[in-house]
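Asks: So here's protein.cif, just mmCIF, C-alpha atoms:
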data_work
loop_
_atom_site.label_atom_id
_atom_site.label_comp_id
_atom_site.auth_asym_id
_atom_site.auth_seq_id
_atom_site.Cartn_x
_atom_site.Cartn_y
_atom_site.Cartn_z
CA MET Z 1 11.45 -10.11 28.09
CA LYS Z 2 8.64 -9.30 25.65
CA SER Z 3 7.67 -6.47 23.30
CA ASP Z 4 4.19 -5.62 22.02
CA LEU Z 5 5.80 -4.19 18.86
CA LEU Z 6 6.90 -7.63 17.67
CA PHE Z 7 4.70 -10.11 15.83
CA GLY Z 8 5.52 -13.51 14.41
CA PRO Z 9 7.55 -15.08 13.12
CA VAL Z 10 4.94 -15.45 10.39
CA SER Z 11 5.34 -17.59 7.31
CA SER Z 12 5.69 -15.22 4.36
CA ARG Z 13 5.48 -16.44 0.78
CA ARG Z 14 8.10 -13.82 -0.09
CA LEU Z 15 10.43 -13.76 2.92
CA GLY Z 16 10.24 -17.12 4.68
CA ARG Z 17 9.93 -16.83 8.48
CA SER Z 18 9.53 -13.10 9.11
CA LEU Z 19 9.60 -11.39 12.51
CA GLY Z 20 7.79 -8.07 12.23
CA VAL Z 21 8.45 -4.83 14.09
CA GLU Z 22 5.47 -2.45 14.18
CA LEU Z 23 6.76 1.13 13.87
CA VAL Z 24 3.32 2.71 13.38
CA PRO Z 25 0.04 1.83 15.15
CA LYS Z 26 -3.14 0.92 13.33
CA LYS Z 27 -4.12 2.74 11.13
CA ILE Z 28 -1.86 5.73 10.64
CA CYS Z 29 -0.94 6.01 6.99
CA SER Z 30 -0.28 8.35 4.09
CA MET Z 31 -2.72 6.33 1.96
CA ASP Z 32 -6.18 4.83 2.32
CA CYS Z 33 -5.91 2.05 -0.26
CA LEU Z 34 -9.11 0.41 -1.47
CA TYR Z 35 -7.63 -3.05 -1.02
CA CYS Z 36 -5.80 -2.70 2.32
CA GLU Z 37 -6.10 -5.87 4.41
CA VAL Z 38 -5.35 -3.93 7.63
CA GLY Z 39 -8.51 -1.83 7.24
CA LYS Z 40 -9.52 1.75 6.54
CA THR Z 41 -7.07 4.50 7.44
CA THR Z 42 -8.11 6.39 10.57
CA LEU Z 43 -5.36 9.04 10.42
CA LEU Z 44 -4.48 10.04 6.86
CA THR Z 45 -1.28 12.06 7.16
CA LEU Z 46 2.19 12.84 5.87
CA GLU Z 47 3.32 14.18 9.24
CA ARG Z 48 6.32 12.35 10.65
CA ALA Z 49 6.10 11.91 14.42
CA PRO Z 50 7.11 9.48 17.20
CA TYR Z 51 3.99 7.37 16.74
CA VAL Z 52 5.89 4.64 18.58
CA PRO Z 53 8.44 6.06 21.07
CA TRP Z 54 12.14 5.38 20.62
CA ASP Z 55 12.57 3.46 23.88
CA LYS Z 56 9.88 0.99 22.78
CA ILE Z 57 11.66 0.47 19.45
CA VAL Z 58 14.98 -0.14 21.17
CA GLU Z 59 13.33 -2.64 23.52
CA ALA Z 60 11.71 -4.47 20.58
CA LEU Z 61 14.95 -4.74 18.62
CA LYS Z 62 16.80 -6.08 21.66
CA VAL Z 63 14.13 -8.75 22.09
CA ALA Z 64 14.38 -9.53 18.36
CA LYS Z 65 18.10 -10.07 18.84
CA GLU Z 66 17.34 -12.73 21.46
CA LEU Z 67 14.91 -14.43 19.06
CA GLU Z 68 17.22 -14.39 16.06
CA SER Z 69 17.46 -18.18 15.86
CA ILE Z 70 13.74 -18.56 15.08
CA PHE Z 71 13.34 -16.20 12.11
CA ASP Z 72 14.84 -15.77 8.64
CA VAL Z 73 14.34 -12.03 8.24
CA LEU Z 74 13.48 -9.06 10.45
CA THR Z 75 10.85 -6.84 8.82
CA LEU Z 76 10.31 -3.20 9.79
CA THR Z 77 6.67 -2.56 9.05
CA GLY Z 78 3.49 -1.24 10.66
CA SER Z 79 -0.28 -1.29 10.56
CA GLY Z 80 0.21 1.86 8.53
CA GLU Z 81 3.29 3.39 6.86
CA PRO Z 82 6.45 2.70 8.93
CA THR Z 83 8.51 5.55 7.46
CA LEU Z 84 6.05 8.02 9.05
CA ASN Z 85 7.75 7.26 12.36
CA ILE Z 86 10.31 10.02 12.94
CA HIS Z 87 12.62 7.39 14.43
CA PHE Z 88 12.59 5.24 11.29
CA GLU Z 89 16.15 6.11 10.24
CA GLU Z 90 17.51 5.37 13.72
CA ALA Z 91 15.55 2.12 13.84
CA VAL Z 92 17.17 0.93 10.61
CA LEU Z 93 20.66 1.71 11.90
CA LEU Z 94 20.05 -0.08 15.20
CA ALA Z 95 18.45 -3.08 13.49
CA LYS Z 96 21.43 -3.46 11.17
CA GLU Z 97 23.77 -3.15 14.15
CA LEU Z 98 22.00 -5.73 16.32
CA ILE Z 99 20.57 -8.25 13.87
CA LYS Z 100 22.80 -10.52 11.81
CA LYS Z 101 19.90 -11.91 9.76
CA PRO Z 102 18.63 -9.89 6.76
CA VAL Z 103 16.57 -6.77 7.53
CA SER Z 104 13.69 -5.80 5.24
CA VAL Z 105 11.25 -2.88 5.09
CA LEU Z 106 7.67 -2.84 3.81
CA THR Z 107 6.74 0.62 2.53
CA ASN Z 108 4.10 2.28 0.38
CA SER Z 109 6.87 4.48 -1.12
CA THR Z 110 5.25 7.83 -0.25
CA LEU Z 111 8.24 9.14 1.71
CA VAL Z 112 11.01 7.71 -0.46
CA ASN Z 113 11.62 11.21 -1.86
CA ILE Z 114 12.96 12.34 1.56
CA PRO Z 115 16.78 11.97 1.44
CA SER Z 116 17.19 10.67 5.01
CA VAL Z 117 14.45 8.06 4.54
CA ARG Z 118 15.91 7.00 1.21
CA GLU Z 119 19.40 6.75 2.73
CA ALA Z 120 18.07 4.53 5.54
CA LEU Z 121 16.20 2.32 3.06
CA GLY Z 122 19.44 2.01 1.14
CA GLN Z 123 21.09 0.35 4.15
CA VAL Z 124 18.71 -2.60 4.53
CA ASP Z 125 18.94 -5.91 2.73
CA LEU Z 126 15.54 -5.76 1.06
CA VAL Z 127 13.02 -3.00 0.40
CA LEU Z 128 9.54 -4.18 -0.58
CA ALA Z 129 8.00 -1.03 -2.03
CA SER Z 130 4.53 -0.54 -3.47
CA LEU Z 131 3.81 1.09 -6.83
CA ASP Z 132 0.25 0.24 -7.83
CA SER Z 133 -0.08 2.83 -10.56
CA ALA Z 134 2.13 5.12 -12.62
CA ARG Z 135 -0.84 7.21 -13.79
CA GLU Z 136 -2.02 10.06 -11.57
CA SER Z 137 -5.75 9.42 -12.00
CA SER Z 138 -5.55 5.68 -11.24
CA PHE Z 139 -3.07 6.31 -8.42
CA ARG Z 140 -5.57 8.60 -6.71
CA LEU Z 141 -8.37 6.08 -7.22
CA VAL Z 142 -6.67 2.94 -5.93
CA ASN Z 143 -4.34 4.35 -3.23
CA ARG Z 144 -6.27 7.47 -2.13
CA PRO Z 145 -3.17 9.20 -0.76
CA VAL Z 146 -2.79 12.44 1.15
CA ARG Z 147 -3.31 15.30 -1.28
CA GLU Z 148 0.32 16.42 -1.00
CA VAL Z 149 1.74 13.09 -2.17
CA ASN Z 150 3.30 13.44 -5.61
CA LEU Z 151 3.40 10.37 -7.85
CA SER Z 152 6.30 11.58 -9.99
CA GLU Z 153 8.34 12.20 -6.83
CA ILE Z 154 7.63 8.62 -5.72
CA ILE Z 155 8.83 7.20 -9.04
CA ASP Z 156 11.94 9.41 -9.06
CA GLY Z 157 12.62 8.54 -5.41
CA LEU Z 158 12.44 4.82 -6.18
CA LYS Z 159 14.87 5.31 -9.07
CA LEU Z 160 17.32 7.17 -6.80
CA LEU Z 161 16.98 4.45 -4.17
CA ARG Z 162 17.65 1.70 -6.70
CA ASP Z 163 20.77 3.45 -7.94
CA SER Z 164 22.28 3.96 -4.47
CA MET Z 165 21.13 1.06 -2.29
CA ARG Z 166 23.22 -1.82 -0.93
CA GLY Z 167 20.43 -4.39 -0.94
CA GLU Z 168 17.60 -5.18 -3.33
CA LEU Z 169 14.46 -3.31 -4.35
CA TRP Z 170 11.35 -5.37 -5.00
CA LEU Z 171 8.33 -3.52 -6.37
CA GLU Z 172 4.89 -4.86 -5.52
CA ILE Z 173 2.07 -3.93 -7.87
CA LEU Z 174 -1.42 -4.74 -6.62
CA LEU Z 175 -4.11 -4.56 -9.28
CA VAL Z 176 -7.79 -3.92 -8.54
CA LYS Z 177 -10.31 -4.89 -11.18
CA ASN Z 178 -11.43 -1.93 -13.35
CA VAL Z 179 -9.47 0.57 -11.24
CA ASN Z 180 -5.76 0.37 -12.10
CA ASP Z 181 -5.64 -2.51 -14.60
CA ARG Z 182 -6.57 -0.75 -17.84
CA GLU Z 183 -4.30 -0.81 -20.88
CA GLU Z 184 -3.10 2.74 -20.29
CA ASP Z 185 -2.28 1.84 -16.66
CA LEU Z 186 -0.18 -1.15 -17.70
CA ILE Z 187 1.68 0.84 -20.34
CA ALA Z 188 2.55 3.51 -17.74
CA LEU Z 189 3.64 0.85 -15.23
CA LYS Z 190 5.88 -0.80 -17.80
CA ARG Z 191 7.59 2.53 -18.49
CA ALA Z 192 8.04 3.18 -14.76
CA ILE Z 193 9.55 -0.28 -14.23
CA GLU Z 194 11.97 0.24 -17.12
CA TYR Z 195 12.95 3.59 -15.58
CA ILE Z 196 13.36 2.38 -11.98
CA GLN Z 197 14.98 -0.97 -12.87
CA PRO Z 198 13.97 -2.83 -9.66
CA HIS Z 199 15.60 -6.15 -8.90
CA LYS Z 200 12.20 -7.82 -8.97
CA VAL Z 201 8.54 -6.95 -9.65
CA GLN Z 202 5.84 -8.87 -7.80
CA LEU Z 203 2.32 -8.82 -9.17
CA ASN Z 204 -0.60 -9.23 -6.80
CA THR Z 205 -4.33 -8.63 -6.54
CA VAL Z 206 -7.08 -8.54 -3.89
CA VAL Z 207 -6.56 -11.85 -2.07
CA ARG Z 208 -7.50 -10.98 1.52
CA PRO Z 209 -10.66 -9.13 2.66
CA PRO Z 210 -10.12 -5.50 1.59
CA ALA Z 211 -10.76 -2.27 3.49
CA TYR Z 212 -13.44 -1.44 0.91
CA SER Z 213 -15.60 -4.28 -0.33
CA ILE Z 214 -15.72 -2.72 -3.80
CA ALA Z 215 -12.10 -3.79 -4.37
CA ARG Z 216 -12.26 -6.77 -6.75
CA PRO Z 217 -9.49 -9.19 -7.75
CA LEU Z 218 -8.21 -10.03 -11.18
CA SER Z 219 -8.25 -13.70 -12.10
CA PHE Z 220 -5.00 -15.63 -12.07
CA ASP Z 221 -5.08 -15.87 -15.88
CA GLU Z 222 -5.51 -12.08 -16.11
CA LEU Z 223 -2.47 -11.63 -13.86
CA LEU Z 224 -0.44 -13.95 -16.07
CA LYS Z 225 -1.29 -11.79 -19.10
CA VAL Z 226 -0.19 -8.67 -17.21
CA ARG Z 227 3.04 -10.43 -16.21
CA ASP Z 228 3.76 -11.32 -19.82
CA PHE Z 229 3.09 -7.72 -20.89
CA LEU Z 230 5.33 -6.19 -18.23
CA GLY Z 231 8.08 -8.71 -18.92
CA LEU Z 232 11.03 -9.67 -16.74
CA PRO Z 233 11.66 -9.41 -13.83
CA THR Z 234 7.91 -9.73 -13.09
CA GLU Z 235 6.40 -12.64 -11.17
CA VAL Z 236 2.86 -13.35 -9.98
CA ILE Z 237 2.70 -13.90 -6.21
CA THR Z 238 -1.07 -14.36 -6.00
CA PRO Z 239 -2.18 -17.95 -5.24
CA ARG Z 240 -3.34 -19.78 -8.37
CA ASP Z 241 -6.64 -20.78 -6.75
CA ILE Z 242 -7.78 -17.19 -6.11
CA SER Z 243 -11.56 -16.78 -6.03
CA ALA Z 244 -13.71 -13.70 -6.30
CA THR Z 245 -14.54 -11.75 -3.16
CA PRO Z 246 -18.17 -11.78 -1.93
CA GLN Z 247 -20.80 -9.71 -3.66
CA VAL Z 248 -21.39 -6.24 -2.30
CA SER Z 249 -24.56 -5.83 -0.23
CA PRO Z 250 -26.57 -2.57 -0.52
CA GLN Z 251 -25.62 -1.73 3.09
CA SER Z 252 -21.88 -2.20 2.59
CA LEU Z 253 -22.02 -0.28 -0.69
CA GLU Z 254 -23.60 2.69 1.09
CA GLU Z 255 -21.00 2.50 3.90
CA ASP Z 256 -18.17 2.41 1.40
CA LEU Z 257 -19.64 5.34 -0.52
CA MET Z 258 -19.85 7.39 2.67
CA ASP Z 259 -16.26 6.53 3.60
CA TYR Z 260 -15.05 7.34 0.10
CA LEU Z 261 -16.83 10.70 -0.07
CA ALA Z 262 -15.75 11.64 3.46
CA ARG Z 263 -12.21 12.09 2.11
CA ARG Z 264 -13.11 14.41 -0.76
CA PRO Z 265 -15.90 15.10 -3.26
CA ALA Z 266 -16.01 12.75 -6.25
CA SER Z 267 -17.59 13.05 -9.66
CA LEU Z 268 -20.19 10.58 -10.84
CA SER Z 269 -17.78 9.38 -13.54
CA GLU Z 270 -15.10 8.66 -10.89
CA LEU Z 271 -17.58 6.78 -8.70
CA LYS Z 272 -18.66 4.65 -11.66
CA LEU Z 273 -15.02 3.65 -12.20
CA VAL Z 274 -14.47 2.60 -8.59
CA PHE Z 275 -17.86 1.22 -7.55
CA THR Z 276 -18.38 -1.21 -10.38
CA GLU Z 277 -20.55 -3.62 -8.37
CA GLY Z 278 -24.02 -3.07 -6.92
CA ASN Z 279 -26.64 -0.46 -7.72
CA LEU Z 280 -24.53 2.69 -7.48
CA LEU Z 281 -27.11 5.20 -8.74
CA GLU Z 282 -29.81 3.85 -6.44
CA SER Z 283 -27.50 4.04 -3.43
CA LEU Z 284 -26.43 7.60 -4.29
CA GLU Z 285 -30.06 8.67 -4.60
CA LYS Z 286 -30.95 7.06 -1.29
CA LEU Z 287 -28.04 8.72 0.55
CA THR Z 288 -28.95 12.07 -1.01
CA LYS Z 289 -32.58 11.81 0.14
CA GLU Z 290 -31.40 10.91 3.63
CA GLY Z 291 -29.26 14.05 3.70
CA LYS Z 292 -26.02 12.09 4.15
CA ILE Z 293 -24.51 13.32 0.88
CA GLN Z 294 -25.26 16.20 -1.45
CA LYS Z 295 -25.03 16.81 -5.17
CA ILE Z 296 -22.86 19.60 -6.56
CA THR Z 297 -22.41 20.71 -10.15
CA HIS Z 298 -18.93 21.96 -11.02
CA GLN Z 299 -17.98 22.97 -14.57
CA ASN Z 300 -21.01 21.11 -15.92
CA GLU Z 301 -20.06 17.87 -14.14
CA LEU Z 302 -22.01 16.22 -11.32
CA PHE Z 303 -20.15 15.70 -8.04
CA PHE Z 304 -21.15 14.17 -4.70
CA LYS Z 305 -19.82 15.12 -1.28
CA ALA Z 306 -20.46 13.89 2.25
#
Just give me the structure as structure tokens.
Replies:
Amino acid sequence: MKSDLLFGPVSSRRLGRSLGVELVPKKICSMDCLYCEVGKTTLLTLERAPYVPWDKIVEALKVAKELESIFDVLTLTGSGEPTLNIHFEEAVLLAKELIKKPVSVLTNSTLVNIPSVREALGQVDLVLASLDSARESSFRLVNRPVREVNLSEIIDGLKLLRDSMRGELWLEILLVKNVNDREEDLIALKRAIEYIQPHKVQLNTVVRPPAYSIARPLSFDELLKVRDFLGLPTEVITPRDISATPQVSPQSLEEDLMDYLARRPASLSELKLVFTEGNLLESLEKLTKEGKIQKITHQNELFFKA
């Protein structure tokens, strides 16, 4: 008996041998993060739906039960955001009923404010939740969420989860160079961590090829300085031998600009923050002349839109 929803077990630096259960197909998500290793989001949504049908989930969990001897932890995840699946709560209950090994969930935290989702997360052994920024402007830049997503609701939801859960809450913070790593970002993150009180904070950066080639890593030494600033219980999970990602070609810069502007108009000042590599102004001018983007002035500020 097989299931196409299962993958692994894979060797995880955080979880050991992890057997994954895909609750959402590629790439349905409530965010379109600059750094995402899965790729660019194709359906940006907050709508909860049966993206994977219930009978397929049941089948996958029954197969996982048969494979229990070969993995250390069962991880509910997806090539997008797993809590978007309307069957997420039921999947957690069934997983905890069938599987004797620990059950974990990988989530971007955008639906943790929903009571039923938060209650389900509270039943698993380990929640690995993302919080890349505690400042609205940087949050929008690095995670590019659905407009309706509210950062303060995420932070409050994580606090409520931490206070009520049976297992542990690990926060993962992924920093992108010159996007969410400024002093004001780190101060806000430190305050959020002190408020949420997670069991552990894991600090990461752009290690794998990102969805957008403009996403640049911090050096390992820079991550260590951030760790020391944030304090316990923060640990760096990025490999020590991290190297910089390849330089951005003019073609990939133009593609990334088009993808970025397809979501919403952006001011020149915002684009300069995100697209720190390559000849940004030259690429913008070229795309404008080709009619692929247009310039707009709003309240005396220059914006570009696809």
Asks: If we count all atoms listed in the file, what is near Ala91 in chain Z at a cut-off of 10 Å, once residues fewer than 4 positions away on the same chain are taken out, given as a PyMOL selection string?
Replies: chain Z and resi 21+23+54+57-58+61+76+85-87+95-97+120
Asks: How would you write, as a PDB file with C-alpha atoms, in the coordinates of the input, the residues chosen by the PyMOL selection byres ((chain Z and resi 9) around 12) on this structure?
Replies:
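So out_35.pdb came out as:
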ATOM      1  CA  LEU Z   6       6.900  -7.630  17.670  1.00  0.00           C
ATOM      2  CA  PHE Z   7       4.700 -10.110  15.830  1.00  0.00           C
ATOM      3  CA  GLY Z   8       5.520 -13.510  14.410  1.00  0.00           C
ATOM      4  CA  VAL Z  10       4.940 -15.450  10.390  1.00  0.00           C
ATOM      5  CA  SER Z  11       5.340 -17.590   7.310  1.00  0.00           C
ATOM      6  CA  SER Z  12       5.690 -15.220   4.360  1.00  0.00           C
ATOM      7  CA  LEU Z  15      10.430 -13.760   2.920  1.00  0.00           C
ATOM      8  CA  GLY Z  16      10.240 -17.120   4.680  1.00  0.00           C
ATOM      9  CA  ARG Z  17       9.930 -16.830   8.480  1.00  0.00           C
ATOM     10  CA  SER Z  18       9.530 -13.100   9.110  1.00  0.00           C
ATOM     11  CA  LEU Z  19       9.600 -11.390  12.510  1.00  0.00           C
ATOM     12  CA  GLY Z  20       7.790  -8.070  12.230  1.00  0.00           C
ATOM     13  CA  VAL Z  21       8.450  -4.830  14.090  1.00  0.00           C
ATOM     14  CA  ALA Z  64      14.380  -9.530  18.360  1.00  0.00           C
ATOM     15  CA  LEU Z  67      14.910 -14.430  19.060  1.00  0.00           C
ATOM     16  CA  GLU Z  68      17.220 -14.390  16.060  1.00  0.00           C
ATOM     17  CA  SER Z  69      17.460 -18.180  15.860  1.00  0.00           C
ATOM     18  CA  ILE Z  70      13.740 -18.560  15.080  1.00  0.00           C
ATOM     19  CA  PHE Z  71      13.340 -16.200  12.110  1.00  0.00           C
ATOM     20  CA  ASP Z  72      14.840 -15.770   8.640  1.00  0.00           C
ATOM     21  CA  VAL Z  73      14.340 -12.030   8.240  1.00  0.00           C
ATOM     22  CA  LEU Z  74      13.480  -9.060  10.450  1.00  0.00           C
ATOM     23  CA  THR Z  75      10.850  -6.840   8.820  1.00  0.00           C
TER      24      THR Z  75
END
Asks: Please, what distance in Å, to one decimal, runs between CA of Phe139 in chain Z and CA of Leu169 in chain Z?
Replies: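 These atoms are spaced 20.4 Å apart.
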Asks: If the PyMOL selection byres ((chain Z and resi 144) around 10) were run on this exact file, what residues would it hold? Put them as an MDAnalysis selection string.
Replies: chainID Z and resid 30:34 44 138:143 145:147 149 260 263:264
Asks: Which residues match the PyMOL selection byres ((chain Z and resi 123-126) around 8) in the file above, as a PyMOL selection string?
Replies: chain Z and resi 92-93+96+102-105+119-122+127-128+165-170
Asks: With distances taken over all atoms listed in the file, which residue among Z:Arg118, Z:Lys200, Z:Lys272, Z:Lys159 lies nearest Thr83 in chain Z?
Replies: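 Looking only at the distances to Thr83 in chain Z, the closest residue turns out to be Z:Arg118.
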Asks: Quick one: residues within 7 Å of range 175-190 of chain Z, only C-alpha atoms counted, chain neighbours fewer than 5 positions away excluded, as a PyMOL selection string?
Replies: chain Z and resi 132-135+138+141-142+204-206+215-218+230+273-274
Asks: Is there a way to get, as a list in words, all residues within 10 Å of the point (3.5, 2.7, -6.4) in file coordinates, counting all atoms listed in the file?
Replies: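 Collected hits near the coordinates: Thr107, Asn108, Ser109, Thr110, Ala129, Ser130, Leu131, Asp132, Ser133, Ala134, Arg135, Phe139, Asn143, Leu151, Ser152, Ile154, Ile155, Leu158, Leu171, Glu172, Ile173, Leu174, Leu189 and Ala192 of chain Z.
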Asks: Tell me which of Z:Glu290, Z:Ile28, Z:Thr45, Z:Ala60 sits closest to Asp4 in chain Z, counting all atoms listed in the file.
Replies: Z:Ala60
Asks: How many Å lie between CA of Asn300 in chain Z and CA of Glu254 in chain Z, rounded to one decimal?
Replies: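 Computing it gives 25.2 Å between the two atoms.
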Asks: May I have the residues within 8 Å of Ser283 in chain Z as a list of chain:residue names, using all atoms listed in the file and disregarding those fewer than 2 positions away in the same chain?
Replies: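 Near Ser283 in chain Z, the qualifying residues are Z:Pro250, Z:Leu253, Z:Glu254, Z:Asn279, Z:Leu280, Z:Leu281, Z:Glu285, Z:Lys286, Z:Leu287.
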Asks: So that I can check the surroundings of Ser267 in chain Z, please list as a list in words every protein, DNA and RNA residue that reaches within 6 Å of it, counting all atoms listed in the file and ignoring chain neighbours fewer than 3 positions away.
Replies: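 These residues fall inside the cut-off: Glu270, Leu302 and Phe303 of chain Z.
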Asks: Out of Z:Arg14, Z:Lys62, Z:Arg208, Z:Lys56, which residue has the shortest atom-to-atom distance to Glu235 in chain Z when counting all atoms listed in the file?
Replies: Z:Arg14
